[in-house]
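So the structure is just underneath, and the comments pick up after that.
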Amino acid sequence: MKGIVFREFIDMVESQFSARTADEIIQSSTLSTNGAYTSIGTYPHQEMVDLVSNLSTQTGISVPQLLQHFGRHLFGRFVEIHPNMTNKFSDVFSLLGALENTIHVDVNKLYRDAELPSFSYEQDNQQTMVFIYRSRRRMADFAQGLIEGCIAHFKENMTIQRTELPSQGEEALTRFTLVRAANANA
Ligand code: HEM
């Protein structure tokens, strides 16, 4: 996992929990660099699993809730750090439709060896989009948080229904059905 994700996670813990909590979860996790990450470096994904699980122990908040929360937060940070990747989109469906073939492709150029999930989607009308997440890293909670952050960013009124699909080998598959509220964008 890229260092930018670790750095943003640790910054979020410092500002939304405390600097002490951040220190404690770093100390109690087995980390290759003792918590010093560079944005473009690549580090074992397991380190993020350890950090989040130790934060859960410290705070009593569940791992899925923490990952979702972090995803919501990180979407807003991505918009700040990489405005050129997000500002060409004007709504949730257009951004999500471009995630696999445009946004994450550009991410891969900027951050070499990024380990990205794959997404497929179907959109039959302006109200509904079905979006399927697939990844060996099994971070559907994080994906959900990013989608929620995206909805908040565009100030849309939308519900998300989530269904876990049967795994394929090491990969977890999760289906997100996004439905615009009836009166949204009317
Ligand atoms: C709602 C939109 C988005 C969703 C649902 C999404 C989903 C994800 C997920 C779930 C991961 C974790 C890796 C995995 O599960 O295999 C990930 C990684 C990542 N994404 Fe996205 N993403 C979104 C938008 C963006 C944007 C706008 C950017 C940058 C401008 C971005 C940059 C990254 C980066 C840098 C990583 C880390 C890759 C690594 O650690 O190797 N994503 N994304």
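Identifiers in the structure tokens: chain A, B, ... in order shown; residue index from 1 per chain; ligand index from 1 in order shown.
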Kindly compile the residues surrounding ligand 1 within 8 Å, counting only C-alpha atoms and all ligand atoms, and format them as a PyMOL selection string. chain A and resi 1-5+42+45+75+78-79+81-83+85-86+92+95-96+99+103-104+107-108+111+113-118+133-150
Could you write out, as an mmCIF file with all heavy atoms, in the first residue's frame, all the residues of region 80-158 of chain A that DSSP marks as strand (DSSP E)?
```
data_model
loop_
_atom_site.group_PDB
_atom_site.id
_atom_site.type_symbol
_atom_site.label_atom_id
_atom_site.label_comp_id
_atom_site.auth_asym_id
_atom_site.auth_seq_id
_atom_site.Cartn_x
_atom_site.Cartn_y
_atom_site.Cartn_z
ATOM 1 N N SER A 118 -10.269 -3.560 -8.601
ATOM 2 C CA SER A 118 -10.901 -3.319 -9.895
ATOM 3 C C SER A 118 -12.400 -3.143 -9.677
ATOM 4 O O SER A 118 -12.967 -3.643 -8.703
ATOM 5 C CB SER A 118 -10.579 -4.421 -10.896
ATOM 6 O OG SER A 118 -11.151 -5.609 -10.481
ATOM 7 N N PHE A 119 -12.982 -2.379 -10.568
ATOM 8 C CA PHE A 119 -14.396 -2.042 -10.443
ATOM 9 C C PHE A 119 -15.095 -2.281 -11.760
ATOM 10 O O PHE A 119 -14.529 -2.034 -12.817
ATOM 11 C CB PHE A 119 -14.565 -0.544 -10.131
ATOM 12 C CG PHE A 119 -14.119 -0.161 -8.761
ATOM 13 C CD1 PHE A 119 -12.921 0.503 -8.573
ATOM 14 C CD2 PHE A 119 -14.892 -0.463 -7.654
ATOM 15 C CE1 PHE A 119 -12.502 0.859 -7.306
ATOM 16 C CE2 PHE A 119 -14.479 -0.111 -6.382
ATOM 17 C CZ PHE A 119 -13.287 0.546 -6.210
ATOM 18 N N SER A 120 -16.312 -2.777 -11.710
ATOM 19 C CA SER A 120 -17.140 -2.765 -12.906
ATOM 20 C C SER A 120 -18.436 -2.076 -12.529
ATOM 21 O O SER A 120 -18.783 -2.007 -11.342
ATOM 22 C CB SER A 120 -17.392 -4.179 -13.411
ATOM 23 O OG SER A 120 -17.960 -4.939 -12.386
ATOM 24 N N TYR A 121 -19.121 -1.547 -13.499
ATOM 25 C CA TYR A 121 -20.381 -0.878 -13.159
ATOM 26 C C TYR A 121 -21.393 -1.024 -14.269
ATOM 27 O O TYR A 121 -21.040 -1.287 -15.422
ATOM 28 C CB TYR A 121 -20.139 0.603 -12.836
ATOM 29 C CG TYR A 121 -19.796 1.439 -14.043
ATOM 30 C CD1 TYR A 121 -20.793 2.134 -14.730
ATOM 31 C CD2 TYR A 121 -18.491 1.519 -14.501
ATOM 32 C CE1 TYR A 121 -20.481 2.910 -15.846
ATOM 33 C CE2 TYR A 121 -18.181 2.288 -15.614
ATOM 34 C CZ TYR A 121 -19.173 2.974 -16.275
ATOM 35 O OH TYR A 121 -18.861 3.720 -17.381
ATOM 36 N N GLU A 122 -22.627 -0.860 -13.882
ATOM 37 C CA GLU A 122 -23.728 -0.842 -14.850
ATOM 38 C C GLU A 122 -24.599 0.334 -14.496
ATOM 39 O O GLU A 122 -24.894 0.535 -13.307
ATOM 40 C CB GLU A 122 -24.611 -2.079 -14.682
ATOM 41 C CG GLU A 122 -24.121 -3.294 -15.403
ATOM 42 C CD GLU A 122 -24.938 -4.510 -14.978
ATOM 43 O OE1 GLU A 122 -26.167 -4.386 -14.818
ATOM 44 O OE2 GLU A 122 -24.312 -5.562 -14.797
ATOM 45 N N THR A 128 -29.952 5.140 -11.020
ATOM 46 C CA THR A 128 -29.340 3.986 -10.353
ATOM 47 C C THR A 128 -28.016 3.603 -10.996
ATOM 48 O O THR A 128 -27.887 3.616 -12.222
ATOM 49 C CB THR A 128 -30.287 2.756 -10.478
ATOM 50 O OG1 THR A 128 -31.581 3.150 -10.056
ATOM 51 C CG2 THR A 128 -29.813 1.593 -9.627
ATOM 52 N N MET A 129 -27.071 3.236 -10.146
ATOM 53 C CA MET A 129 -25.810 2.694 -10.660
ATOM 54 C C MET A 129 -25.429 1.485 -9.811
ATOM 55 O O MET A 129 -25.504 1.546 -8.581
ATOM 56 C CB MET A 129 -24.711 3.738 -10.571
ATOM 57 C CG MET A 129 -23.393 3.289 -11.161
ATOM 58 S SD MET A 129 -22.144 4.602 -10.972
ATOM 59 C CE MET A 129 -21.364 4.553 -12.529
ATOM 60 N N VAL A 130 -25.048 0.403 -10.467
ATOM 61 C CA VAL A 130 -24.578 -0.781 -9.742
ATOM 62 C C VAL A 130 -23.066 -0.833 -9.941
ATOM 63 O O VAL A 130 -22.574 -0.767 -11.077
ATOM 64 C CB VAL A 130 -25.245 -2.062 -10.290
ATOM 65 C CG1 VAL A 130 -24.648 -3.295 -9.616
ATOM 66 C CG2 VAL A 130 -26.744 -2.007 -10.065
ATOM 67 N N PHE A 131 -22.360 -0.944 -8.845
ATOM 68 C CA PHE A 131 -20.916 -0.757 -8.860
ATOM 69 C C PHE A 131 -20.309 -1.942 -8.103
ATOM 70 O O PHE A 131 -20.659 -2.177 -6.946
ATOM 71 C CB PHE A 131 -20.692 0.571 -8.109
ATOM 72 C CG PHE A 131 -19.332 1.144 -8.192
ATOM 73 C CD1 PHE A 131 -18.835 1.621 -9.389
ATOM 74 C CD2 PHE A 131 -18.551 1.254 -7.063
ATOM 75 C CE1 PHE A 131 -17.579 2.190 -9.449
ATOM 76 C CE2 PHE A 131 -17.300 1.805 -7.109
ATOM 77 C CZ PHE A 131 -16.810 2.276 -8.320
ATOM 78 N N ILE A 132 -19.464 -2.707 -8.785
ATOM 79 C CA ILE A 132 -18.927 -3.909 -8.116
ATOM 80 C C ILE A 132 -17.435 -3.761 -7.836
ATOM 81 O O ILE A 132 -16.640 -3.505 -8.745
ATOM 82 C CB ILE A 132 -19.221 -5.172 -8.941
ATOM 83 C CG1 ILE A 132 -20.741 -5.356 -8.974
ATOM 84 C CG2 ILE A 132 -18.547 -6.414 -8.327
ATOM 85 C CD1 ILE A 132 -21.228 -6.522 -9.763
ATOM 86 N N TYR A 133 -17.110 -3.881 -6.563
ATOM 87 C CA TYR A 133 -15.731 -3.784 -6.083
ATOM 88 C C TYR A 133 -15.128 -5.185 -6.028
ATOM 89 O O TYR A 133 -15.772 -6.120 -5.571
ATOM 90 C CB TYR A 133 -15.747 -3.179 -4.675
ATOM 91 C CG TYR A 133 -14.478 -3.364 -3.871
ATOM 92 C CD1 TYR A 133 -13.403 -2.508 -4.043
ATOM 93 C CD2 TYR A 133 -14.358 -4.389 -2.933
ATOM 94 C CE1 TYR A 133 -12.235 -2.663 -3.308
ATOM 95 C CE2 TYR A 133 -13.189 -4.553 -2.197
ATOM 96 C CZ TYR A 133 -12.132 -3.691 -2.386
ATOM 97 O OH TYR A 133 -10.980 -3.853 -1.662
ATOM 98 N N ARG A 134 -13.879 -5.299 -6.467
ATOM 99 C CA ARG A 134 -13.216 -6.602 -6.440
ATOM 100 C C ARG A 134 -11.755 -6.385 -6.069
ATOM 101 O O ARG A 134 -11.061 -5.585 -6.711
ATOM 102 C CB ARG A 134 -13.317 -7.177 -7.852
ATOM 103 C CG ARG A 134 -12.456 -8.378 -8.133
ATOM 104 C CD ARG A 134 -12.381 -8.589 -9.648
ATOM 105 N NE ARG A 134 -13.594 -9.194 -10.166
ATOM 106 C CZ ARG A 134 -13.714 -10.495 -10.430
ATOM 107 N NH1 ARG A 134 -12.702 -11.307 -10.267
ATOM 108 N NH2 ARG A 134 -14.838 -10.980 -10.887
ATOM 109 N N SER A 135 -11.291 -7.052 -4.995
ATOM 110 C CA SER A 135 -9.886 -6.880 -4.618
ATOM 111 C C SER A 135 -9.431 -7.973 -3.664
ATOM 112 O O SER A 135 -10.198 -8.435 -2.825
ATOM 113 C CB SER A 135 -9.683 -5.524 -3.943
ATOM 114 O OG SER A 135 -8.382 -5.432 -3.411
ATOM 115 N N MET A 158 -28.379 10.387 -2.001
ATOM 116 C CA MET A 158 -28.299 9.056 -2.604
ATOM 117 C C MET A 158 -28.258 7.991 -1.522
ATOM 118 O O MET A 158 -27.678 8.229 -0.466
ATOM 119 C CB MET A 158 -26.968 9.031 -3.352
ATOM 120 C CG MET A 158 -26.951 8.246 -4.594
ATOM 121 S SD MET A 158 -25.366 8.447 -5.407
ATOM 122 C CE MET A 158 -25.774 9.577 -6.687
#
```
Find the residues around Phe17 (chain A) up to 12 Å (only C-alpha atoms counted), leave out those fewer than 3 positions away in its own chain, and share them as an mmCIF file with N, CA and C atoms, in the first residue's frame.
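Just written: part38.cif:
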```cif
data_model
loop_
_atom_site.group_PDB
_atom_site.id
_atom_site.type_symbol
_atom_site.label_atom_id
_atom_site.label_comp_id
_atom_site.auth_asym_id
_atom_site.auth_seq_id
_atom_site.Cartn_x
_atom_site.Cartn_y
_atom_site.Cartn_z
ATOM 1 N N PHE A 9 -3.686 8.469 6.915
ATOM 2 C CA PHE A 9 -4.339 7.785 8.033
ATOM 3 C C PHE A 9 -3.774 8.298 9.364
ATOM 4 N N ILE A 10 -2.457 8.366 9.449
ATOM 5 C CA ILE A 10 -1.835 8.803 10.714
ATOM 6 C C ILE A 10 -2.199 10.269 11.014
ATOM 7 N N ASP A 11 -2.200 11.108 9.974
ATOM 8 C CA ASP A 11 -2.610 12.518 10.174
ATOM 9 C C ASP A 11 -4.044 12.592 10.686
ATOM 10 N N MET A 12 -4.911 11.748 10.115
ATOM 11 C CA MET A 12 -6.314 11.773 10.545
ATOM 12 C C MET A 12 -6.430 11.352 12.012
ATOM 13 N N VAL A 13 -5.667 10.318 12.390
ATOM 14 C CA VAL A 13 -5.728 9.855 13.791
ATOM 15 C C VAL A 13 -5.228 10.974 14.711
ATOM 16 N N GLU A 14 -4.141 11.651 14.312
ATOM 17 C CA GLU A 14 -3.614 12.743 15.152
ATOM 18 C C GLU A 14 -4.640 13.852 15.314
ATOM 19 N N ARG A 20 -1.271 11.341 20.858
ATOM 20 C CA ARG A 20 -0.902 10.216 21.709
ATOM 21 C C ARG A 20 -1.476 8.905 21.174
ATOM 22 N N THR A 21 -2.723 8.943 20.737
ATOM 23 C CA THR A 21 -3.335 7.741 20.151
ATOM 24 C C THR A 21 -2.533 7.298 18.927
ATOM 25 N N ALA A 22 -2.144 8.280 18.103
ATOM 26 C CA ALA A 22 -1.362 7.934 16.907
ATOM 27 C C ALA A 22 -0.062 7.261 17.321
ATOM 28 N N ASP A 23 0.631 7.829 18.321
ATOM 29 C CA ASP A 23 1.893 7.227 18.802
ATOM 30 C C ASP A 23 1.658 5.817 19.310
ATOM 31 N N GLU A 24 0.573 5.656 20.072
ATOM 32 C CA GLU A 24 0.327 4.350 20.676
ATOM 33 C C GLU A 24 0.042 3.279 19.624
ATOM 34 N N ILE A 25 -0.727 3.630 18.605
ATOM 35 C CA ILE A 25 -1.010 2.586 17.609
ATOM 36 C C ILE A 25 0.241 2.284 16.772
ATOM 37 N N LEU A 55 -6.083 0.734 16.357
ATOM 38 C CA LEU A 55 -6.916 1.917 16.629
ATOM 39 C C LEU A 55 -8.281 1.465 17.151
ATOM 40 N N SER A 56 -8.757 0.359 16.605
ATOM 41 C CA SER A 56 -10.037 -0.174 17.064
ATOM 42 C C SER A 56 -9.942 -0.586 18.542
ATOM 43 N N GLN A 58 -7.891 0.610 20.763
ATOM 44 C CA GLN A 58 -7.746 1.835 21.576
ATOM 45 C C GLN A 58 -9.055 2.584 21.755
ATOM 46 N N THR A 59 -9.882 2.597 20.706
ATOM 47 C CA THR A 59 -11.047 3.495 20.728
ATOM 48 C C THR A 59 -12.360 2.764 20.963
ATOM 49 N N ILE A 61 -14.022 1.500 18.644
ATOM 50 C CA ILE A 61 -14.801 1.622 17.396
ATOM 51 C C ILE A 61 -14.418 0.440 16.503
ATOM 52 N N LEU A 66 -14.173 2.140 11.307
ATOM 53 C CA LEU A 66 -12.978 2.986 11.158
ATOM 54 C C LEU A 66 -12.562 3.085 9.691
#
```
Kindly give the distance, in Å, that separates CA of Phe176 (chain A) and CA of Gln161 (chain A), rounded to a single decimal. 5.6 Å
May I have the residues within 9 Å of Ala181 (chain A) as a tab-separated table (two decimals) with N, CA and C atoms, in the first residue's frame, using only C-alpha atoms and disregarding those fewer than 6 positions away in the same chain?
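Output below, filename around_39.tsv:
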```tsv
chain	number	residue	atom	x	y	z
A	127	GLN	N	-30.93	7.33	-12.43
A	127	GLN	CA	-31.25	7.19	-11.01
A	127	GLN	C	-30.40	6.16	-10.29
A	156	GLU	N	-24.81	15.20	-3.14
A	156	GLU	CA	-25.94	14.50	-3.74
A	156	GLU	C	-26.72	13.77	-2.66
A	157	ASN	N	-27.96	13.45	-3.00
A	157	ASN	CA	-28.84	12.77	-2.07
A	157	ASN	C	-29.05	11.36	-2.63
A	158	MET	N	-28.38	10.39	-2.00
A	158	MET	CA	-28.30	9.06	-2.60
A	158	MET	C	-28.26	7.99	-1.52
A	159	THR	N	-28.85	6.85	-1.78
A	159	THR	CA	-28.71	5.75	-0.82
A	159	THR	C	-27.74	4.71	-1.40
```
Running DSSP on the backbone, which parts of region 33-109 of chain A land in helix (DSSP H, G or I), as a ChimeraX atom specification? /A:45-59,63-81,83-86,92-97,99-109
So that I can check the surroundings of Leu51 (chain A), please list as a ChimeraX atom specification every protein, DNA and RNA residue that reaches within 7 Å of it, counting only C-alpha atoms and ignoring chain neighbours fewer than 2 positions away. /A:25-26,29,47-49,53-55
Expected file: the selected residues, C-alpha atoms, as a PDB file, in the first residue's frame:
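That gives us again29.pdb:
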```pdb
ATOM      1  CA  ILE A  25      -1.010   2.586  17.609  1.00  0.00           C
ATOM      2  CA  ILE A  26       2.353   3.044  15.861  1.00  0.00           C
ATOM      3  CA  SER A  29       1.970  -2.284  15.422  1.00  0.00           C
ATOM      4  CA  GLU A  47       0.737  -2.668   8.278  1.00  0.00           C
ATOM      5  CA  MET A  48      -2.510  -0.828   7.535  1.00  0.00           C
ATOM      6  CA  VAL A  49      -4.486  -3.805   8.837  1.00  0.00           C
ATOM      7  CA  SER A  53      -6.974  -2.944  14.284  1.00  0.00           C
ATOM      8  CA  ASN A  54      -4.914  -1.287  17.032  1.00  0.00           C
ATOM      9  CA  LEU A  55      -6.916   1.917  16.629  1.00  0.00           C
TER      10      LEU A  55
END
```
For Leu165 (chain A), find every residue with an atom within 9 Å (counting only C-alpha atoms), except residues of its own chain fewer than 2 positions away, and show them as a list in words.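 Within the cut-off, the hits are Thr163, Ser167, Ala172, Leu173, Thr174 and Arg175 of chain A.
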Export of the given selection (N, CA and C atoms) as a PDB file, in the first residue's frame:
```
ATOM      1  N   THR A 163     -24.153  -5.443  -0.935  1.00  0.00           N
ATOM      2  CA  THR A 163     -24.322  -6.902  -0.868  1.00  0.00           C
ATOM      3  C   THR A 163     -22.974  -7.568  -1.080  1.00  0.00           C
ATOM      4  N   SER A 167     -16.833 -14.887  -2.878  1.00  0.00           N
ATOM      5  CA  SER A 167     -15.442 -14.559  -3.221  1.00  0.00           C
ATOM      6  C   SER A 167     -15.023 -15.349  -4.441  1.00  0.00           C
ATOM      7  N   ALA A 172     -12.264 -10.639  -2.844  1.00  0.00           N
ATOM      8  CA  ALA A 172     -13.604 -10.396  -2.316  1.00  0.00           C
ATOM      9  C   ALA A 172     -14.352  -9.552  -3.333  1.00  0.00           C
ATOM     10  N   LEU A 173     -15.640  -9.830  -3.476  1.00  0.00           N
ATOM     11  CA  LEU A 173     -16.476  -9.034  -4.381  1.00  0.00           C
ATOM     12  C   LEU A 173     -17.634  -8.434  -3.591  1.00  0.00           C
ATOM     13  N   THR A 174     -17.860  -7.167  -3.786  1.00  0.00           N
ATOM     14  CA  THR A 174     -18.962  -6.495  -3.101  1.00  0.00           C
ATOM     15  C   THR A 174     -19.723  -5.645  -4.107  1.00  0.00           C
ATOM     16  N   ARG A 175     -21.051  -5.784  -4.055  1.00  0.00           N
ATOM     17  CA  ARG A 175     -21.877  -4.980  -4.967  1.00  0.00           C
ATOM     18  C   ARG A 175     -22.487  -3.800  -4.210  1.00  0.00           C
TER      19      ARG A 175
END
```
One decimal place gives the CA of Asn101 (chain A)-CA of Thr38 (chain A) separation as 26.2 Å
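The coordinates place CA of Glu164 (chain A) at 19.3 Å from CA of His69 (chain A).
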